[in-house]
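Colleague: One structure is given below, represented as structure tokens, and several questions about it will come after.
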Amino acid sequence: MRATKFALIAGVALAAACAKKPKPADLPPPPPQPAQAAPAEPATPPPADATVTSTNVPGSAEDFKANTRGTMVFFAYDSYDLDGEARSILDSQSTWLAKYPGTRITVSGHADERGTREYNIALGERRADAVKTYLAGKGVAGSSIATISYGKERPLVEGSDEAAWAKNRRAATDIGGPTG
Amino acid sequence: MIRSLLLALLIATPAAAQLRVDITQGVSQPMPVAVPGFATPSPAPTAAGNTAALGAQVAGVIANDLKSSGLFRPVGPTDPVGFPQTTNPAYDTWRQASAQALVTGAVEANPDGTITVACYLYDPFAQSQLASEGFRVSPPAWRRAAHKCADKAYTRLTGESGYFDSQIVYISEAGPKTRRIKRLAIMDQDGANHRFLTNGQNLVLTPRFSPNQSRLAYMSFANNRPSLWFYDATTGRHQIAGTFQGTSLSPRFSPDGRFLLMSLIKSGNANIYRMDVASKSLDRLTDGPSIDTSPSYSPDGSKIVFESDRGGTQQLYILNADGSGARRLSFGQGRYATPAWSPRGDLIAFTRIGGGKLRVGVMRPDGGGERLLTDSFADEQPSWSPNGRVLTFFRTPSGGSPPKLMSADLTGLNLRTIPTPLGASDPSWGPLRP
């Protein structure tokens, strides 16, 4: 604490000195050079408050991401059934949401590219709605859940193989209102 | 083949030879047609350049229209003809070029600042005039006069109404597939006069022309509320189509423009509704837990074809316009989607999903005569030319490349890419312009 105060005073004094804009001739003479190298100062550890670490605050989107089994669930081709893995992920989401009642979430439904555009919008809606219904069944207030479907217009990954399609057939839960 | 058919006709009825292309069976030998540069009675400056230069450009547009139909092959000299030849052609020259038809004419500047494009169609072998018409336009609209002339020739030679003086509205696509920018865009059917109608800020999809082409309906994700919107071509304004509970998509106008069909999704359940465009009142036409979408009116407005997965997978169904009497239409392999009733009434085009592919095909309204016209990774969402003889659709390659617009005739033979500045999808072919 004392060191901090001293540094502050020194800083103010330095600022004041700078403000006076002394001419070069006014500078004090340089200190005399030591005849021989002084012994090294003993190392001092930095004060404990020198670094700031970012951390998730409770109830935030980052907290949701870190403390649930996932923000996304995935579906079989042309299906909106929630399998065991999807239900387990949604259980962890509902557990988290129960801790922060009133949190608004948006569930966005998506489809892979192997369907027509309009049908896939409707399929994505079904997927988002399946998630909403499941979460509501676990006690999440239905009025706090918005849904939106992007059909096949916002794939998570590019590519035209089963691995890419499997990632794109999804419903994502996000904290907050819908975002484009 | 056409030539021999023509010769046979000439022998049979030399005085009244019917120069005619049969377009229903597909044409592997296009008819040779000459389209020399149009003349001008006297070169004069206009708001779109000199009439002499316009004459060459008009002929270029006509030749390109006729060639793009797949039914005609431009042949012979393309240098501008002398003005007297427009009414008195040098038939010898065109016979030597093997031209079975000659489209010629002139561009003249009028005192009021307009131009007149005079259009003549001749049969060089019969040495007779088959058709003629003048088209008066403001100079910047000279391409429309050229399209009208091409439509005149096409109609006289095929017996079908034309489609060259028409527009296509579509979705322009740019950027990576995961963050693609989509914009509403409109252009002439040959890709000219291209304009963007939205700035790319909102995701937009599936535009459709109203029958009088003064209005477009499309889906927009503006304000993260996926809904149908109108674009008014006369005012340039965009306006939400109505206040709907749930997501509205899949807009299609009735043939008289009074109604807009759509799907409304409530609680994940998509049904077909009919909105009175003037009063905005809604009637539900289908009910049930299935996905009912992509409706399309028959040209007389009495029936609606749409897709539904009520039987387990996407299939085509036909409904009376009041919502009664639904019956299944498609029974082939795979899933069937995005039906589009031909303006002629004789065929329904669709997307068929199966074998890892999306393909475009046609069938009769009784469900018979099914034919697939394309074979690619993903061809979808056919839309008819105003005369019901050509289809446009979009083709998406596998991987991340953007889609493009294609056109094909009823045989699938004359497959062409429609030029667009960027990637392109969801084409909707507008009506023939008045």
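All residue names refer to the structure tokens as shown: chains lettered A, B, ... in order, residues numbered from 1 in each chain, ligands numbered from 1 in order.
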Once you count only C-alpha atoms, which residues of chain B turn out to be within 6 Å of chain A? Could you give them as a list of chain:residue names?
Modeller: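 Residues passing the distance filter: B:Thr178, B:Gly268, B:Ser398, B:Gly399, B:Gly400.
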Colleague: Any idea what the distance is between atom CA of Asp79 of chain B and atom CA of Leu102 of chain B?
Modeller: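 Distance reported for this atom pair: 13.5 Å.
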Colleague: Contacts of segment 70-73 of chain A at 9 Å or less, counting only C-alpha atoms, minus same-chain residues fewer than 6 places along, as a PyMOL selection string?
Modeller: chain A and resi 64+82+85-87+89-90+92-93+131+169-174
Colleague: Export, as a short mmCIF file (atom, residue, chain, number, x, y, z; two decimals), in the first residue's frame, the selected residues with all heavy atoms.
Modeller:
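Result saved to again_30.cif:
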```cif
data_model
loop_
_atom_site.label_atom_id
_atom_site.label_comp_id
_atom_site.auth_asym_id
_atom_site.auth_seq_id
_atom_site.Cartn_x
_atom_site.Cartn_y
_atom_site.Cartn_z
N PHE A 64 -22.86 -20.46 -19.40
CA PHE A 64 -23.75 -21.47 -19.97
C PHE A 64 -22.95 -22.46 -20.81
O PHE A 64 -23.11 -23.68 -20.71
CB PHE A 64 -24.81 -20.77 -20.82
CG PHE A 64 -25.80 -21.69 -21.48
CD1 PHE A 64 -26.78 -22.35 -20.74
CD2 PHE A 64 -25.77 -21.89 -22.86
CE1 PHE A 64 -27.69 -23.20 -21.36
CE2 PHE A 64 -26.68 -22.73 -23.48
CZ PHE A 64 -27.63 -23.38 -22.73
N LEU A 82 -35.25 -36.32 -30.53
CA LEU A 82 -34.12 -36.08 -29.63
C LEU A 82 -33.63 -37.44 -29.11
O LEU A 82 -34.38 -38.14 -28.43
CB LEU A 82 -34.57 -35.20 -28.46
CG LEU A 82 -35.04 -33.80 -28.86
CD1 LEU A 82 -35.77 -33.14 -27.69
CD2 LEU A 82 -33.86 -32.95 -29.31
N GLU A 85 -28.37 -38.80 -26.21
CA GLU A 85 -27.30 -37.81 -26.10
C GLU A 85 -27.88 -36.39 -26.10
O GLU A 85 -27.51 -35.55 -25.27
CB GLU A 85 -26.30 -38.00 -27.25
CG GLU A 85 -25.23 -36.93 -27.37
CD GLU A 85 -24.22 -36.95 -26.22
OE1 GLU A 85 -24.27 -37.89 -25.41
OE2 GLU A 85 -23.41 -36.01 -26.13
N ALA A 86 -28.81 -36.14 -27.03
CA ALA A 86 -29.43 -34.81 -27.11
C ALA A 86 -30.19 -34.49 -25.83
O ALA A 86 -30.09 -33.39 -25.29
CB ALA A 86 -30.37 -34.75 -28.32
N ARG A 87 -30.92 -35.49 -25.31
CA ARG A 87 -31.70 -35.24 -24.08
C ARG A 87 -30.78 -34.96 -22.90
O ARG A 87 -31.06 -34.11 -22.06
CB ARG A 87 -32.62 -36.43 -23.80
CG ARG A 87 -33.79 -36.51 -24.77
CD ARG A 87 -34.91 -37.40 -24.23
NE ARG A 87 -34.47 -38.77 -24.08
CZ ARG A 87 -34.55 -39.71 -25.02
NH1 ARG A 87 -35.06 -39.40 -26.20
NH2 ARG A 87 -34.12 -40.93 -24.81
N ILE A 89 -27.82 -33.58 -23.05
CA ILE A 89 -27.33 -32.21 -23.22
C ILE A 89 -28.40 -31.20 -22.79
O ILE A 89 -28.13 -30.24 -22.06
CB ILE A 89 -26.89 -31.97 -24.68
CG1 ILE A 89 -25.59 -32.73 -24.96
CG2 ILE A 89 -26.72 -30.48 -24.97
CD1 ILE A 89 -25.23 -32.83 -26.43
N LEU A 90 -29.64 -31.46 -23.20
CA LEU A 90 -30.72 -30.53 -22.85
C LEU A 90 -31.01 -30.56 -21.35
O LEU A 90 -31.36 -29.54 -20.75
CB LEU A 90 -31.99 -30.86 -23.65
CG LEU A 90 -31.86 -30.65 -25.16
CD1 LEU A 90 -33.13 -31.06 -25.88
CD2 LEU A 90 -31.51 -29.19 -25.49
N SER A 92 -28.74 -30.90 -19.07
CA SER A 92 -27.73 -30.03 -18.45
C SER A 92 -28.08 -28.56 -18.70
O SER A 92 -27.85 -27.71 -17.85
CB SER A 92 -26.33 -30.37 -18.97
OG SER A 92 -26.14 -29.87 -20.28
N GLN A 93 -28.68 -28.28 -19.87
CA GLN A 93 -29.09 -26.90 -20.14
C GLN A 93 -30.22 -26.48 -19.19
O GLN A 93 -30.21 -25.37 -18.64
CB GLN A 93 -29.58 -26.76 -21.60
CG GLN A 93 -28.45 -26.91 -22.63
CD GLN A 93 -28.94 -26.70 -24.05
OE1 GLN A 93 -30.10 -26.39 -24.29
NE2 GLN A 93 -28.04 -26.86 -25.03
N VAL A 131 -36.77 -28.99 -29.21
CA VAL A 131 -35.91 -28.59 -28.09
C VAL A 131 -36.70 -27.74 -27.10
O VAL A 131 -36.63 -27.94 -25.88
CB VAL A 131 -34.67 -27.83 -28.61
CG1 VAL A 131 -33.94 -27.12 -27.47
CG2 VAL A 131 -33.74 -28.79 -29.34
N ARG A 169 -27.05 -30.67 -39.01
CA ARG A 169 -28.42 -31.00 -38.56
C ARG A 169 -28.50 -30.77 -37.06
O ARG A 169 -28.28 -31.69 -36.27
CB ARG A 169 -28.73 -32.47 -38.87
CG ARG A 169 -28.80 -32.80 -40.34
CD ARG A 169 -29.31 -34.21 -40.54
NE ARG A 169 -28.46 -35.23 -39.95
CZ ARG A 169 -27.54 -35.93 -40.61
NH1 ARG A 169 -27.33 -35.72 -41.89
NH2 ARG A 169 -26.83 -36.85 -39.98
N ARG A 170 -28.80 -29.55 -36.67
CA ARG A 170 -28.63 -29.21 -35.25
C ARG A 170 -29.67 -28.20 -34.78
O ARG A 170 -30.33 -27.56 -35.57
CB ARG A 170 -27.23 -28.61 -35.05
CG ARG A 170 -27.10 -27.22 -35.65
CD ARG A 170 -25.65 -26.83 -35.86
NE ARG A 170 -25.50 -25.41 -36.18
CZ ARG A 170 -25.67 -24.90 -37.41
NH1 ARG A 170 -26.03 -25.65 -38.42
NH2 ARG A 170 -25.51 -23.60 -37.60
N ALA A 171 -29.75 -28.13 -33.45
CA ALA A 171 -30.49 -27.03 -32.82
C ALA A 171 -29.54 -26.45 -31.79
O ALA A 171 -28.99 -27.17 -30.96
CB ALA A 171 -31.78 -27.53 -32.17
N ALA A 172 -29.34 -25.13 -31.85
CA ALA A 172 -28.40 -24.46 -30.97
C ALA A 172 -29.16 -23.60 -29.97
O ALA A 172 -30.09 -22.88 -30.34
CB ALA A 172 -27.44 -23.59 -31.78
N THR A 173 -28.77 -23.71 -28.70
CA THR A 173 -29.38 -22.88 -27.66
C THR A 173 -28.43 -21.73 -27.35
O THR A 173 -27.26 -21.96 -27.05
CB THR A 173 -29.62 -23.70 -26.38
OG1 THR A 173 -30.38 -24.86 -26.71
CG2 THR A 173 -30.37 -22.88 -25.33
N ASP A 174 -28.92 -20.51 -27.48
CA ASP A 174 -28.11 -19.33 -27.18
C ASP A 174 -28.79 -18.49 -26.12
O ASP A 174 -30.03 -18.37 -26.11
CB ASP A 174 -27.91 -18.48 -28.44
CG ASP A 174 -27.01 -19.17 -29.44
OD1 ASP A 174 -25.85 -19.44 -29.08
OD2 ASP A 174 -27.47 -19.46 -30.57
#
```
Colleague: Could you pull out the strand (DSSP E or B) residues of segment 146-245 of chain B from DSSP and send them as a ChimeraX atom specification?
Modeller: /B:167-174,181-188,195-196,204-209,215-220,227-232,238-240
Colleague: Store the residues of this selection in a file with N, CA and C atoms, as an mmCIF file, in the first residue's frame.
Modeller:
```cif
data_model
loop_
_atom_site.group_PDB
_atom_site.id
_atom_site.type_symbol
_atom_site.label_atom_id
_atom_site.label_comp_id
_atom_site.auth_asym_id
_atom_site.auth_seq_id
_atom_site.Cartn_x
_atom_site.Cartn_y
_atom_site.Cartn_z
ATOM 1 N N GLN B 167 -38.570 -10.986 -67.103
ATOM 2 C CA GLN B 167 -37.525 -10.804 -66.104
ATOM 3 C C GLN B 167 -37.450 -12.010 -65.169
ATOM 4 N N ILE B 168 -36.330 -12.124 -64.501
ATOM 5 C CA ILE B 168 -36.158 -13.157 -63.480
ATOM 6 C C ILE B 168 -35.748 -12.468 -62.183
ATOM 7 N N VAL B 169 -36.432 -12.794 -61.103
ATOM 8 C CA VAL B 169 -36.018 -12.322 -59.786
ATOM 9 C C VAL B 169 -35.381 -13.516 -59.087
ATOM 10 N N TYR B 170 -34.332 -13.274 -58.304
ATOM 11 C CA TYR B 170 -33.617 -14.393 -57.704
ATOM 12 C C TYR B 170 -32.853 -13.908 -56.472
ATOM 13 N N ILE B 171 -32.156 -14.842 -55.814
ATOM 14 C CA ILE B 171 -31.344 -14.503 -54.645
ATOM 15 C C ILE B 171 -29.871 -14.578 -55.028
ATOM 16 N N SER B 172 -29.200 -13.440 -54.905
ATOM 17 C CA SER B 172 -27.767 -13.377 -55.178
ATOM 18 C C SER B 172 -27.011 -13.857 -53.940
ATOM 19 N N GLU B 173 -25.981 -14.659 -54.128
ATOM 20 C CA GLU B 173 -25.258 -15.241 -52.987
ATOM 21 C C GLU B 173 -23.765 -14.949 -53.095
ATOM 22 N N ALA B 174 -23.175 -14.507 -51.982
ATOM 23 C CA ALA B 174 -21.738 -14.239 -51.953
ATOM 24 C C ALA B 174 -21.180 -14.594 -50.579
ATOM 25 N N ILE B 181 -23.850 -14.068 -47.716
ATOM 26 C CA ILE B 181 -24.657 -12.851 -47.866
ATOM 27 C C ILE B 181 -25.651 -13.100 -48.995
ATOM 28 N N LYS B 182 -26.932 -12.913 -48.702
ATOM 29 C CA LYS B 182 -27.954 -13.158 -49.711
ATOM 30 C C LYS B 182 -28.730 -11.873 -49.978
ATOM 31 N N ARG B 183 -28.887 -11.554 -51.261
ATOM 32 C CA ARG B 183 -29.567 -10.313 -51.652
ATOM 33 C C ARG B 183 -30.606 -10.609 -52.717
ATOM 34 N N LEU B 184 -31.702 -9.879 -52.614
ATOM 35 C CA LEU B 184 -32.733 -9.956 -53.642
ATOM 36 C C LEU B 184 -32.214 -9.233 -54.885
ATOM 37 N N ALA B 185 -32.358 -9.856 -56.054
ATOM 38 C CA ALA B 185 -31.866 -9.235 -57.290
ATOM 39 C C ALA B 185 -32.841 -9.520 -58.420
ATOM 40 N N ILE B 186 -32.841 -8.634 -59.410
ATOM 41 C CA ILE B 186 -33.744 -8.786 -60.561
ATOM 42 C C ILE B 186 -32.962 -8.480 -61.829
ATOM 43 N N MET B 187 -33.326 -9.147 -62.907
ATOM 44 C CA MET B 187 -32.637 -8.924 -64.183
ATOM 45 C C MET B 187 -33.545 -9.374 -65.325
ATOM 46 N N ASP B 188 -33.165 -8.992 -66.555
ATOM 47 C CA ASP B 188 -33.861 -9.523 -67.717
ATOM 48 C C ASP B 188 -33.545 -11.015 -67.810
ATOM 49 N N ARG B 195 -30.067 -5.686 -61.329
ATOM 50 C CA ARG B 195 -30.153 -4.744 -60.200
ATOM 51 C C ARG B 195 -30.322 -5.516 -58.898
ATOM 52 N N PHE B 196 -29.676 -5.028 -57.843
ATOM 53 C CA PHE B 196 -29.909 -5.572 -56.503
ATOM 54 C C PHE B 196 -31.054 -4.797 -55.859
ATOM 55 N N VAL B 204 -32.476 -13.113 -47.061
ATOM 56 C CA VAL B 204 -33.708 -13.118 -47.861
ATOM 57 C C VAL B 204 -33.736 -14.378 -48.716
ATOM 58 N N LEU B 205 -34.946 -14.887 -48.971
ATOM 59 C CA LEU B 205 -35.111 -16.143 -49.700
ATOM 60 C C LEU B 205 -36.380 -16.110 -50.559
ATOM 61 N N THR B 206 -36.432 -17.019 -51.511
ATOM 62 C CA THR B 206 -37.635 -17.421 -52.271
ATOM 63 C C THR B 206 -38.527 -16.274 -52.770
ATOM 64 N N PRO B 207 -38.001 -15.375 -53.602
ATOM 65 C CA PRO B 207 -38.869 -14.339 -54.173
ATOM 66 C C PRO B 207 -39.816 -14.916 -55.221
ATOM 67 N N ARG B 208 -40.979 -14.271 -55.374
ATOM 68 C CA ARG B 208 -41.952 -14.674 -56.397
ATOM 69 C C ARG B 208 -42.582 -13.437 -57.012
ATOM 70 N N PHE B 209 -42.818 -13.480 -58.332
ATOM 71 C CA PHE B 209 -43.500 -12.404 -59.038
ATOM 72 C C PHE B 209 -44.999 -12.485 -58.817
ATOM 73 N N ARG B 215 -45.287 -6.300 -58.338
ATOM 74 C CA ARG B 215 -45.019 -6.618 -56.953
ATOM 75 C C ARG B 215 -44.275 -7.938 -56.865
ATOM 76 N N LEU B 216 -43.376 -8.014 -55.870
ATOM 77 C CA LEU B 216 -42.712 -9.276 -55.559
ATOM 78 C C LEU B 216 -43.056 -9.641 -54.131
ATOM 79 N N ALA B 217 -43.135 -10.939 -53.857
ATOM 80 C CA ALA B 217 -43.221 -11.408 -52.477
ATOM 81 C C ALA B 217 -41.962 -12.221 -52.205
ATOM 82 N N TYR B 218 -41.409 -12.103 -51.009
ATOM 83 C CA TYR B 218 -40.209 -12.867 -50.662
ATOM 84 C C TYR B 218 -40.159 -13.056 -49.160
ATOM 85 N N MET B 219 -39.253 -13.931 -48.714
ATOM 86 C CA MET B 219 -39.089 -14.172 -47.287
ATOM 87 C C MET B 219 -37.866 -13.398 -46.798
ATOM 88 N N SER B 220 -38.020 -12.709 -45.679
ATOM 89 C CA SER B 220 -36.891 -11.975 -45.110
ATOM 90 C C SER B 220 -36.764 -12.282 -43.619
ATOM 91 N N SER B 227 -40.292 -13.709 -42.030
ATOM 92 C CA SER B 227 -41.643 -13.361 -42.456
ATOM 93 C C SER B 227 -41.650 -13.012 -43.937
ATOM 94 N N LEU B 228 -42.849 -13.038 -44.515
ATOM 95 C CA LEU B 228 -42.985 -12.644 -45.910
ATOM 96 C C LEU B 228 -43.054 -11.124 -46.019
ATOM 97 N N TRP B 229 -42.439 -10.627 -47.077
ATOM 98 C CA TRP B 229 -42.411 -9.198 -47.381
ATOM 99 C C TRP B 229 -42.837 -8.994 -48.828
ATOM 100 N N PHE B 230 -43.300 -7.777 -49.108
ATOM 101 C CA PHE B 230 -43.586 -7.366 -50.479
ATOM 102 C C PHE B 230 -42.548 -6.338 -50.917
ATOM 103 N N TYR B 231 -42.225 -6.395 -52.190
ATOM 104 C CA TYR B 231 -41.465 -5.311 -52.812
ATOM 105 C C TYR B 231 -42.325 -4.737 -53.919
ATOM 106 N N ASP B 232 -42.544 -3.441 -53.863
ATOM 107 C CA ASP B 232 -43.351 -2.771 -54.875
ATOM 108 C C ASP B 232 -42.413 -2.195 -55.937
ATOM 109 N N HIS B 238 -40.124 -1.678 -49.734
ATOM 110 C CA HIS B 238 -40.290 -2.994 -49.120
ATOM 111 C C HIS B 238 -41.239 -2.857 -47.941
ATOM 112 N N GLN B 239 -42.161 -3.810 -47.829
ATOM 113 C CA GLN B 239 -43.164 -3.721 -46.769
ATOM 114 C C GLN B 239 -43.493 -5.130 -46.288
ATOM 115 N N ILE B 240 -43.640 -5.301 -44.980
ATOM 116 C CA ILE B 240 -43.984 -6.632 -44.465
ATOM 117 C C ILE B 240 -45.368 -7.011 -45.001
#
```
Colleague: Of the candidates B:Gly325, B:Gly37, B:Gly242, B:Gly430, which one gets nearest to Ala53 of chain B if we count only C-alpha atoms?
Modeller: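 Residue with the minimum atom-to-atom distance to Ala53 of chain B: B:Gly37.
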